[in-house]
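> Got a structure for you, upload_9.pdb, holding PDB, C-alpha atoms.
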ATOM      1  CA  MET A   1     -28.528  21.247 -19.184
ATOM      2  CA  GLY A   2     -26.291  20.528 -22.171
ATOM      3  CA  CYS A   3     -23.979  17.560 -22.667
ATOM      4  CA  TYR A   4     -20.884  19.605 -21.726
ATOM      5  CA  ASP A   5     -22.433  20.890 -18.511
ATOM      6  CA  CYS A   6     -23.568  17.393 -17.595
ATOM      7  CA  CYS A   7     -20.065  15.985 -18.157
ATOM      8  CA  MET A   8     -18.475  18.762 -16.107
ATOM      9  CA  ARG A   9     -21.004  18.124 -13.331
ATOM     10  CA  CYS A  10     -20.136  14.425 -13.261
ATOM     11  CA  LEU A  11     -16.382  15.032 -13.442
ATOM     12  CA  GLY A  12     -16.656  17.573 -10.641
ATOM     13  CA  GLY A  13     -17.975  14.866  -8.324
ATOM     14  CA  VAL A  14     -15.052  12.448  -8.866
ATOM     15  CA  PRO A  15     -12.804  12.075  -5.759
ATOM     16  CA  TYR A  16      -9.508  12.244  -7.609
ATOM     17  CA  CYS A  17      -7.331  11.772  -4.504
ATOM     18  CA  SER A  18      -9.214   8.622  -3.526
ATOM     19  CA  LEU A  19      -9.123   7.421  -7.128
ATOM     20  CA  VAL A  20      -5.330   7.856  -7.338
ATOM     21  CA  ALA A  21      -4.859   6.085  -3.994
ATOM     22  CA  THR A  22      -7.088   3.207  -5.134
ATOM     23  CA  LEU A  23      -5.223   2.772  -8.423
ATOM     24  CA  LEU A  24      -1.881   2.855  -6.597
ATOM     25  CA  CYS A  25      -3.089   0.292  -4.086
ATOM     26  CA  PHE A  26      -4.473  -2.008  -6.792
ATOM     27  CA  SER A  27      -1.273  -1.871  -8.843
ATOM     28  CA  GLY A  28       0.985  -2.287  -5.796
ATOM     29  CA  ILE A  29      -0.930  -5.256  -4.422
ATOM     30  CA  ALA A  30      -1.102  -6.912  -7.845
ATOM     31  CA  LEU A  31       2.652  -6.481  -8.285
ATOM     32  CA  PHE A  32       3.479  -7.664  -4.774
ATOM     33  CA  CYS A  33       1.166 -10.679  -4.741
ATOM     34  CA  GLY A  34       1.777 -11.856  -8.306
ATOM     35  CA  CYS A  35       5.551 -11.463  -8.332
ATOM     36  CA  GLY A  36       5.929 -12.570  -4.716
ATOM     37  CA  HIS A  37       3.980 -15.785  -5.298
ATOM     38  CA  GLN A  38       6.022 -16.738  -8.358
ATOM     39  CA  ALA A  39       9.310 -15.722  -6.683
ATOM     40  CA  LEU A  40       8.597 -18.044  -3.745
ATOM     41  CA  THR A  41       7.974 -20.918  -6.141
ATOM     42  CA  GLU A  42      11.240 -20.251  -7.992
ATOM     43  CA  THR A  43      13.127 -19.945  -4.682
ATOM     44  CA  GLU A  44      12.006 -23.407  -3.642
ATOM     45  CA  ARG A  45      13.196 -24.754  -6.988
ATOM     46  CA  LEU A  46      16.624 -23.079  -6.629
ATOM     47  CA  ILE A  47      17.125 -24.374  -3.088
ATOM     48  CA  GLU A  48      16.078 -27.865  -4.124
ATOM     49  CA  THR A  49      18.403 -27.916  -7.143
ATOM     50  CA  TYR A  50      21.591 -26.245  -5.905
ATOM     51  CA  PHE A  51      21.641 -26.065  -2.091
ATOM     52  CA  ALA A  52      19.984 -29.233  -0.756
ATOM     53  CA  ARG A  53      20.164 -32.865  -1.820
ATOM     54  CA  ASN A  54      17.890 -34.405   0.787
ATOM     55  CA  LEU A  55      14.171 -33.685   0.892
ATOM     56  CA  GLN A  56      14.211 -33.504   4.680
ATOM     57  CA  ASP A  57      16.663 -30.604   4.533
ATOM     58  CA  TYR A  58      14.250 -28.223   2.843
ATOM     59  CA  ILE A  59      10.856 -29.688   3.709
ATOM     60  CA  THR A  60      10.371 -27.025   6.427
ATOM     61  CA  LEU A  61      11.208 -24.275   3.941
ATOM     62  CA  ALA A  62       8.705 -25.771   1.482
ATOM     63  CA  TYR A  63       5.953 -25.644   4.116
ATOM     64  CA  ILE A  64       6.832 -22.043   5.002
ATOM     65  CA  ILE A  65       6.737 -21.037   1.324
ATOM     66  CA  GLN A  66       3.349 -22.702   0.912
ATOM     67  CA  TYR A  67       2.071 -20.882   4.005
ATOM     68  CA  PHE A  68       3.235 -17.504   2.670
ATOM     69  CA  GLN A  69       1.565 -18.213  -0.660
ATOM     70  CA  TYR A  70      -1.744 -18.752   1.144
ATOM     71  CA  VAL A  71      -1.157 -15.482   3.001
ATOM     72  CA  ILE A  72      -0.648 -13.775  -0.361
ATOM     73  CA  TYR A  73      -4.018 -15.076  -1.546
ATOM     74  CA  GLY A  74      -5.668 -13.602   1.545
ATOM     75  CA  LEU A  75      -3.891 -10.262   1.163
ATOM     76  CA  ALA A  76      -4.947  -9.955  -2.465
ATOM     77  CA  SER A  77      -8.612 -10.613  -1.622
ATOM     78  CA  PHE A  78      -8.639  -8.326   1.415
ATOM     79  CA  PHE A  79      -7.010  -5.348  -0.289
ATOM     80  CA  PHE A  80      -9.193  -5.746  -3.360
ATOM     81  CA  LEU A  81     -12.319  -5.352  -1.218
ATOM     82  CA  TYR A  82     -10.802  -2.681   1.018
ATOM     83  CA  CYS A  83      -9.767  -0.503  -1.923
ATOM     84  CA  ILE A  84     -13.284  -0.687  -3.350
ATOM     85  CA  VAL A  85     -14.729   0.368   0.026
ATOM     86  CA  LEU A  86     -12.251   3.247   0.284
ATOM     87  CA  LEU A  87     -13.138   4.425  -3.208
ATOM     88  CA  ALA A  88     -16.842   4.293  -2.326
ATOM     89  CA  GLU A  89     -16.102   6.279   0.831
ATOM     90  CA  GLY A  90     -14.247   8.833  -1.278
ATOM     91  CA  PHE A  91     -17.205   9.211  -3.637
ATOM     92  CA  TYR A  92     -19.580   9.610  -0.712
ATOM     93  CA  THR A  93     -17.605  12.131   1.317
ATOM     94  CA  THR A  94     -15.813  14.190  -1.310
ATOM     95  CA  SER A  95     -16.436  17.892  -1.021
ATOM     96  CA  ALA A  96     -16.721  18.148  -4.798
ATOM     97  CA  ALA A  97     -19.702  15.801  -4.740
ATOM     98  CA  LYS A  98     -21.269  17.708  -1.860
ATOM     99  CA  GLN A  99     -20.960  21.007  -3.706
ATOM    100  CA  THR A 100     -22.254  19.489  -6.951
ATOM    101  CA  PHE A 101     -25.183  17.411  -5.754
ATOM    102  CA  GLY A 102     -26.379  19.328  -2.739
ATOM    103  CA  GLU A 103     -25.641  21.615   0.143
ATOM    104  CA  PHE A 104     -23.130  20.725   2.830
ATOM    105  CA  ARG A 105     -24.438  18.168   5.298
ATOM    106  CA  SER A 106     -22.470  15.997   7.705
ATOM    107  CA  THR A 107     -24.148  13.460   9.946
ATOM    108  CA  MET A 108     -22.712  11.916  13.089
ATOM    109  CA  CYS A 109     -22.798   8.471  11.455
ATOM    110  CA  GLY A 110     -20.832   9.732   8.455
ATOM    111  CA  ARG A 111     -18.211  11.383  10.667
ATOM    112  CA  CYS A 112     -17.800   8.204  12.743
ATOM    113  CA  LEU A 113     -17.487   6.122   9.574
ATOM    114  CA  SER A 114     -14.827   8.413   8.136
ATOM    115  CA  SER A 115     -12.912   8.437  11.418
ATOM    116  CA  SER A 116     -13.025   4.630  11.500
ATOM    117  CA  PHE A 117     -11.567   4.465   7.995
ATOM    118  CA  ILE A 118      -8.780   6.838   9.014
ATOM    119  CA  VAL A 119      -7.829   4.645  11.976
ATOM    120  CA  MET A 120      -8.044   1.425   9.945
ATOM    121  CA  THR A 121      -5.993   2.824   7.064
ATOM    122  CA  TYR A 122      -3.358   4.196   9.429
ATOM    123  CA  ALA A 123      -3.118   0.815  11.207
ATOM    124  CA  LEU A 124      -2.815  -0.957   7.852
ATOM    125  CA  ALA A 125      -0.050   1.452   6.810
ATOM    126  CA  VAL A 126       1.906   0.662   9.997
ATOM    127  CA  LEU A 127       1.454  -3.094   9.504
ATOM    128  CA  TRP A 128       2.324  -2.848   5.833
ATOM    129  CA  LEU A 129       5.531  -1.040   6.764
ATOM    130  CA  LEU A 130       6.615  -4.308   8.390
ATOM    131  CA  VAL A 131       5.691  -6.213   5.222
ATOM    132  CA  PHE A 132       7.706  -3.706   3.195
ATOM    133  CA  ALA A 133      10.738  -4.252   5.432
ATOM    134  CA  PHE A 134      10.292  -8.036   5.314
ATOM    135  CA  SER A 135      10.108  -8.033   1.504
ATOM    136  CA  ALA A 136      13.574  -6.428   1.429
ATOM    137  CA  LEU A 137      15.188  -9.543   2.987
ATOM    138  CA  PRO A 138      15.135 -11.766  -0.134
ATOM    139  CA  VAL A 139      16.303  -8.817  -2.223
ATOM    140  CA  TYR A 140      19.242  -8.438   0.184
ATOM    141  CA  PHE A 141      20.044 -12.160  -0.080
ATOM    142  CA  PHE A 142      20.025 -12.177  -3.881
ATOM    143  CA  TYR A 143      21.967  -8.912  -3.994
ATOM    144  CA  ASN A 144      24.757 -10.469  -1.905
ATOM    145  CA  MET A 145      24.659 -13.548  -4.096
ATOM    146  CA  ASP A 146      24.896 -11.427  -7.262
ATOM    147  CA  ALA A 147      27.793  -9.401  -5.813
ATOM    148  CA  THR A 148      29.655 -12.628  -4.967
ATOM    149  CA  CYS A 149      29.105 -13.943  -8.482
ATOM    150  CA  HIS A 150      30.419 -10.687  -9.918
ATOM    151  CA  THR A 151      33.546 -11.028  -7.774
ATOM    152  CA  ILE A 152      34.020 -14.593  -9.026
ATOM    153  CA  ASP A 153      33.773 -13.430 -12.631
ATOM    154  CA  VAL A 154      36.461 -10.821 -11.956
ATOM    155  CA  LEU A 155      38.798 -13.339 -10.262
ATOM    156  CA  THR A 156      38.508 -16.139 -12.817
ATOM    157  CA  GLU A 157      42.312 -16.246 -13.240
ATOM    158  CA  THR A 158      42.908 -17.280  -9.602
ATOM    159  CA  PRO A 159      40.937 -20.506  -8.938
ATOM    160  CA  ALA A 160      42.210 -20.813  -5.372
ATOM    161  CA  SER A 161      40.627 -17.508  -4.398
ATOM    162  CA  ILE A 162      37.430 -18.333  -6.268
ATOM    163  CA  ASN A 163      36.765 -21.510  -4.301
ATOM    164  CA  GLN A 164      36.749 -19.518  -1.067
ATOM    165  CA  LEU A 165      33.872 -17.331  -2.262
ATOM    166  CA  CYS A 166      30.611 -18.970  -1.223
ATOM    167  CA  VAL A 167      26.960 -18.240  -0.552
ATOM    168  CA  ASP A 168      25.682 -20.285   2.374
ATOM    169  CA  ALA A 169      21.892 -20.585   2.518
ATOM    170  CA  ARG A 170      22.176 -21.913   6.078
ATOM    171  CA  GLN A 171      23.494 -18.562   7.313
ATOM    172  CA  TYR A 172      20.258 -16.894   6.194
ATOM    173  CA  GLY A 173      18.065 -19.453   7.960
ATOM    174  CA  LEU A 174      16.809 -21.009   4.736
ATOM    175  CA  LEU A 175      18.209 -24.440   5.571
ATOM    176  CA  PRO A 176      19.202 -26.244   8.791
ATOM    177  CA  TRP A 177      22.885 -26.353   9.701
ATOM    178  CA  ASN A 178      23.139 -30.072   8.925
ATOM    179  CA  ALA A 179      21.931 -29.592   5.339
ATOM    180  CA  VAL A 180      24.266 -30.893   2.624
ATOM    181  CA  PRO A 181      25.801 -29.103   0.767
ATOM    182  CA  GLY A 182      23.912 -26.024   2.041
ATOM    183  CA  LYS A 183      26.150 -23.669   0.095
ATOM    184  CA  ALA A 184      27.486 -22.989  -3.391
ATOM    185  CA  CYS A 185      31.074 -21.913  -4.021
ATOM    186  CA  GLY A 186      33.381 -20.923  -6.848
ATOM    187  CA  MET A 187      32.413 -21.750 -10.391
ATOM    188  CA  THR A 188      29.363 -23.670  -9.157
ATOM    189  CA  LEU A 189      27.987 -20.452  -7.696
ATOM    190  CA  SER A 190      28.889 -18.566 -10.867
ATOM    191  CA  SER A 191      26.968 -21.088 -12.976
ATOM    192  CA  VAL A 192      23.959 -20.714 -10.663
ATOM    193  CA  CYS A 193      23.986 -16.942 -11.138
ATOM    194  CA  LYS A 194      23.948 -17.375 -14.911
ATOM    195  CA  THR A 195      20.832 -19.521 -14.986
ATOM    196  CA  ARG A 196      17.513 -18.154 -16.148
ATOM    197  CA  GLU A 197      15.806 -19.268 -12.927
ATOM    198  CA  TYR A 198      18.150 -17.196 -10.787
ATOM    199  CA  ARG A 199      17.805 -14.002 -12.856
ATOM    200  CA  MET A 200      14.029 -14.344 -13.012
ATOM    201  CA  THR A 201      13.743 -14.969  -9.247
ATOM    202  CA  TYR A 202      15.921 -11.955  -8.488
ATOM    203  CA  ASP A 203      13.839  -9.725 -10.764
ATOM    204  CA  LEU A 204      10.595 -11.042  -9.269
ATOM    205  CA  TYR A 205      11.715 -10.216  -5.739
ATOM    206  CA  ILE A 206      12.692  -6.702  -6.828
ATOM    207  CA  ALA A 207       9.264  -6.256  -8.439
ATOM    208  CA  ALA A 208       7.526  -7.565  -5.295
ATOM    209  CA  PHE A 209       9.565  -5.150  -3.172
ATOM    210  CA  ALA A 210       8.557  -2.277  -5.463
ATOM    211  CA  GLY A 211       4.908  -3.380  -5.244
ATOM    212  CA  ALA A 212       5.075  -3.338  -1.440
ATOM    213  CA  GLY A 213       6.468   0.205  -1.590
ATOM    214  CA  ILE A 214       3.706   1.348  -3.939
ATOM    215  CA  THR A 215       1.071  -0.143  -1.632
ATOM    216  CA  LEU A 216       2.609   1.610   1.377
ATOM    217  CA  LEU A 217       2.578   4.898  -0.538
ATOM    218  CA  ALA A 218      -1.093   4.376  -1.418
ATOM    219  CA  LEU A 219      -2.066   3.679   2.210
ATOM    220  CA  VAL A 220      -0.206   6.738   3.495
ATOM    221  CA  HIS A 221      -1.719   8.896   0.742
ATOM    222  CA  CYS A 222      -5.223   7.627   1.514
ATOM    223  CA  SER A 223      -4.919   8.121   5.292
ATOM    224  CA  LEU A 224      -3.603  11.664   4.828
ATOM    225  CA  HIS A 225      -6.383  12.476   2.377
ATOM    226  CA  LEU A 226      -9.072  11.230   4.768
ATOM    227  CA  ALA A 227      -7.525  13.124   7.683
ATOM    228  CA  VAL A 228      -7.315  16.380   5.708
ATOM    229  CA  TYR A 229     -10.915  15.965   4.600
ATOM    230  CA  GLN A 230     -12.032  15.525   8.217
ATOM    231  CA  VAL A 231     -10.283  18.781   9.103
ATOM    232  CA  TYR A 232     -12.027  20.430   6.148
ATOM    233  CA  LEU A 233     -15.423  19.177   7.333
ATOM    234  CA  ARG A 234     -14.772  20.497  10.831
ATOM    235  CA  MET A 235     -13.862  23.920   9.437
ATOM    236  CA  LEU A 236     -17.076  23.970   7.400
ATOM    237  CA  ARG A 237     -19.148  23.056  10.449
ATOM    238  CA  HIS A 238     -17.576  25.837  12.514
ATOM    239  CA  ARG A 239     -18.062  28.347   9.715
ATOM    240  CA  ALA A 240     -21.710  27.375   9.310
ATOM    241  CA  LYS A 241     -22.284  27.759  13.060
ATOM    242  CA  ASP A 242     -20.592  31.193  13.093
ATOM    243  CA  GLU A 243     -22.637  32.411  10.148
ATOM    244  CA  ARG A 244     -25.867  31.105  11.681
ATOM    245  CA  ARG A 245     -25.013  32.807  14.972
ATOM    246  CA  GLY A 246     -24.260  36.071  13.157
ATOM    247  CA  TYR A 247     -27.487  35.819  11.182
ATOM    248  CA  ASP A 248     -29.511  35.275  14.355
ATOM    249  CA  LEU A 249     -27.819  38.303  15.933
ATOM    250  CA  TYR A 250     -28.659  40.411  12.881
ATOM    251  CA  ARG A 251     -32.296  39.323  13.007
ATOM    252  CA  ARG A 252     -32.561  40.383  16.649
ATOM    253  CA  LEU A 253     -30.954  43.764  15.932
ATOM    254  CA  GLN A 254     -33.226  44.283  12.929
ATOM    255  CA  ARG A 255     -36.273  43.457  15.005
ATOM    256  CA  ASP A 256     -35.161  45.856  17.771
ATOM    257  CA  ARG A 257     -34.542  48.743  15.336
ATOM    258  CA  GLY A 258     -37.647  48.280  13.277
ATOM    259  CA  GLY A 259     -36.058  46.630  10.208
ATOM    260  CA  SER A 260     -33.709  49.496   9.259
ATOM    261  CA  LEU A 261     -30.548  47.361   8.951
ATOM    262  CA  CYS A 262     -29.230  45.926   5.687
ATOM    263  CA  SER A 263     -28.296  42.242   5.970
ATOM    264  CA  PRO A 264     -24.764  41.149   5.033
ATOM    265  CA  TYR A 265     -25.993  37.508   5.066
ATOM    266  CA  ALA A 266     -28.030  35.451   2.673
ATOM    267  CA  ALA A 267     -31.747  35.794   3.070
ATOM    268  CA  ASN A 268     -32.171  32.014   3.234
ATOM    269  CA  MET A 269     -29.822  30.146   5.551
ATOM    270  CA  SER A 270     -30.148  27.014   3.454
ATOM    271  CA  ASP A 271     -27.938  28.771   0.851
ATOM    272  CA  ILE A 272     -24.993  28.733   3.256
ATOM    273  CA  SER A 273     -22.613  25.952   2.220
TER     274      SER A 273
END
Could I get this structure in the form of structure tokens?

Amino acid sequence: MGCYDCCMRCLGGVPYCSLVATLLCFSGIALFCGCGHQALTETERLIETYFARNLQDYITLAYIIQYFQYVIYGLASFFFLYCIVLLAEGFYTTSAAKQTFGEFRSTMCGRCLSSSFIVMTYALAVLWLLVFAFSALPVYFFYNMDATCHTIDVLTETPASINQLCVDARQYGLLPWNAVPGKACGMTLSSVCKTREYRMTYDLYIAAFAGAGITLLALVHCSLHLAVYQVYLRMLRHRAKDERRGYDLYRRLQRDRGGSLCSPYAANMSDIS
């Protein structure tokens, strides 16, 4: 076998669908965890600087942010291992590898393992849909804040109207109702929106939201690929049974008629794939 044939044989055994899903999942999780972790840190700094003067007003929010950061560490580790396992499952069960490295075989253990991965991936996709929806909340908050700042910049000639435009962090549950000041209004809010910390936090939340969407797309793609492959395996099993049944029927007819029939089947049933 030449070098070209060897390369084509190896490339023919690559599970491209599983590989694409794994790369999407890796990139989405990296984007979500990295940007989300840094965005939470910057959010705590913004609340501490512009919306709360007393430590007791935002101490609960600080604990919640720290808790979510630990959750992000766990998610990154779990999905890193799970994507590797899914890629290994794709290499093991891909039909291209079966056709390249041997005849079609499917054991009960392999079918149960593939079915388990389908159920687990589908459950993760449903759970991650909730994470995707939850990651849209800070984007919504900063979008409203940015829209209010844009309105303030338009109405700079009427200070009385500007002072009535506020963003209250207490309305979003970020601070308790007795927090002071708890909100930013007028030119103070406009100056907050022009800071580097605000723009970076807003962009980080958008990137984390996009990463959650990419991860959801990867999980849906992977679950659909595994489900379609299970259907393909079932079709191959039924076809192999039908051909074996037809071959047995031909052998009986040939034996009854003294071997005068010409076989439409392969002489060796091990050649049936």
> Write out as number ranges by chain the residues lying within 9 Å of A:Ser27, counting all atoms listed in the file and excluding same-chain residues fewer than 5 positions away.
A: 22, 32, 211, 214-215
> My list of candidates is A:Leu253, A:Met187, A:Ile118, A:Leu86. Which is closest to A:Val154 when distances are computed with all atoms listed in the file?
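Smallest distance to A:Val154 is found for A:Met187.
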> Looking at only C-alpha atoms, which of A:Pro181, A:Leu204, A:Arg244, A:Leu189 is the one that sits closest to A:Phe51?
A:Pro181
> Here's the selection I'm unsure about, the PyMOL selection byres ((chain A and resi 190) around 9); applied to the file above, which residues does it give, as a ChimeraX atom specification?
/A:146,148-150,152-153,184-189,191-194
> What separation in Å, quoted to one decimal, exists between atom CA of A:Ala123 and atom CA of A:Tyr229?
18.3 Å
> For this file, the PyMOL selection byres ((chain A and resi 34) around 12) selects which residues, as number ranges by chain?
A: 26-33, 35-41, 69, 72-73, 75-76, 204-205, 207-209, 211-212
> Would you please work out which residue, of A:Asn144, A:Phe117, A:Tyr122, A:Tyr67, is nearest to A:Ala88 when using only C-alpha atoms?
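Once distances to A:Ala88 are computed over only C-alpha atoms, the minimum belongs to A:Phe117.
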> With a distance cut-off of 12 Å and all atoms listed in the file, select the neighbouring residues of A:Tyr172, excluding the residue or stretch itself and same-chain residues fewer than 3 positions from it, and output the selection as a list in words.
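Selected residues are Leu61, Leu137, Pro138, Tyr140, Phe141, Phe142, Asn144, Met145, Val167, Asp168, Ala169, Leu175, Pro176, Trp177, Gly182 and Lys183 of chain A.
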> The selected residues should be written to file as a PDB file, in the frame of the given file (atoms: C-alpha atoms).

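Result went into again.pdb, see below:
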ATOM      1  CA  LEU A  61      11.208 -24.275   3.941  1.00  0.00           C
ATOM      2  CA  LEU A 137      15.188  -9.543   2.987  1.00  0.00           C
ATOM      3  CA  PRO A 138      15.135 -11.766  -0.134  1.00  0.00           C
ATOM      4  CA  TYR A 140      19.242  -8.438   0.184  1.00  0.00           C
ATOM      5  CA  PHE A 141      20.044 -12.160  -0.080  1.00  0.00           C
ATOM      6  CA  PHE A 142      20.025 -12.177  -3.881  1.00  0.00           C
ATOM      7  CA  ASN A 144      24.757 -10.469  -1.905  1.00  0.00           C
ATOM      8  CA  MET A 145      24.659 -13.548  -4.096  1.00  0.00           C
ATOM      9  CA  VAL A 167      26.960 -18.240  -0.552  1.00  0.00           C
ATOM     10  CA  ASP A 168      25.682 -20.285   2.374  1.00  0.00           C
ATOM     11  CA  ALA A 169      21.892 -20.585   2.518  1.00  0.00           C
ATOM     12  CA  LEU A 175      18.209 -24.440   5.571  1.00  0.00           C
ATOM     13  CA  PRO A 176      19.202 -26.244   8.791  1.00  0.00           C
ATOM     14  CA  TRP A 177      22.885 -26.353   9.701  1.00  0.00           C
ATOM     15  CA  GLY A 182      23.912 -26.024   2.041  1.00  0.00           C
ATOM     16  CA  LYS A 183      26.150 -23.669   0.095  1.00  0.00           C
TER      17      LYS A 183
END
> Pick out the closest residue to A:Ser114 from this set: A:Ala52, A:Ala227, A:Ile47, A:Met235. Count only C-alpha atoms.
A:Ala227
> Expressed in Å to a single decimal, how great is the separation between atom CA of A:Ala21 and atom CA of A:Leu124?
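One can read the atom CA of A:Ala21 to atom CA of A:Leu124 distance as 13.9 Å.
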> Which residue out of A:Leu23, A:Val131, A:Val119, A:Ile206 has the minimum interatomic distance to A:Phe80 when all atoms listed in the file are used?
A:Leu23
> Please indicate the distance in Å from atom CA of A:Val139 to atom CA of A:Asp203, rounded to one decimal place.
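Here the two named atoms are 8.9 Å from each other.
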> For a quick check of understanding, using all atoms listed in the file, which of A:Tyr58, A:Pro15, A:Phe68, A:Glu42 has the smallest distance to A:Tyr202?
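Of A:Tyr58, A:Pro15, A:Phe68, A:Glu42, the one nearest A:Tyr202 is A:Glu42, counting all atoms listed in the file.
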> Quick one: axis-aligned box around all listed atoms of stretch 160-174 of chain A, 4 Å on every side, centre and edge lengths in Å to one decimal, written as JSON.

{"center_x": 29.5, "center_y": -19.4, "center_z": 0.8, "size_x": 33.4, "size_y": 13.0, "size_z": 22.2}
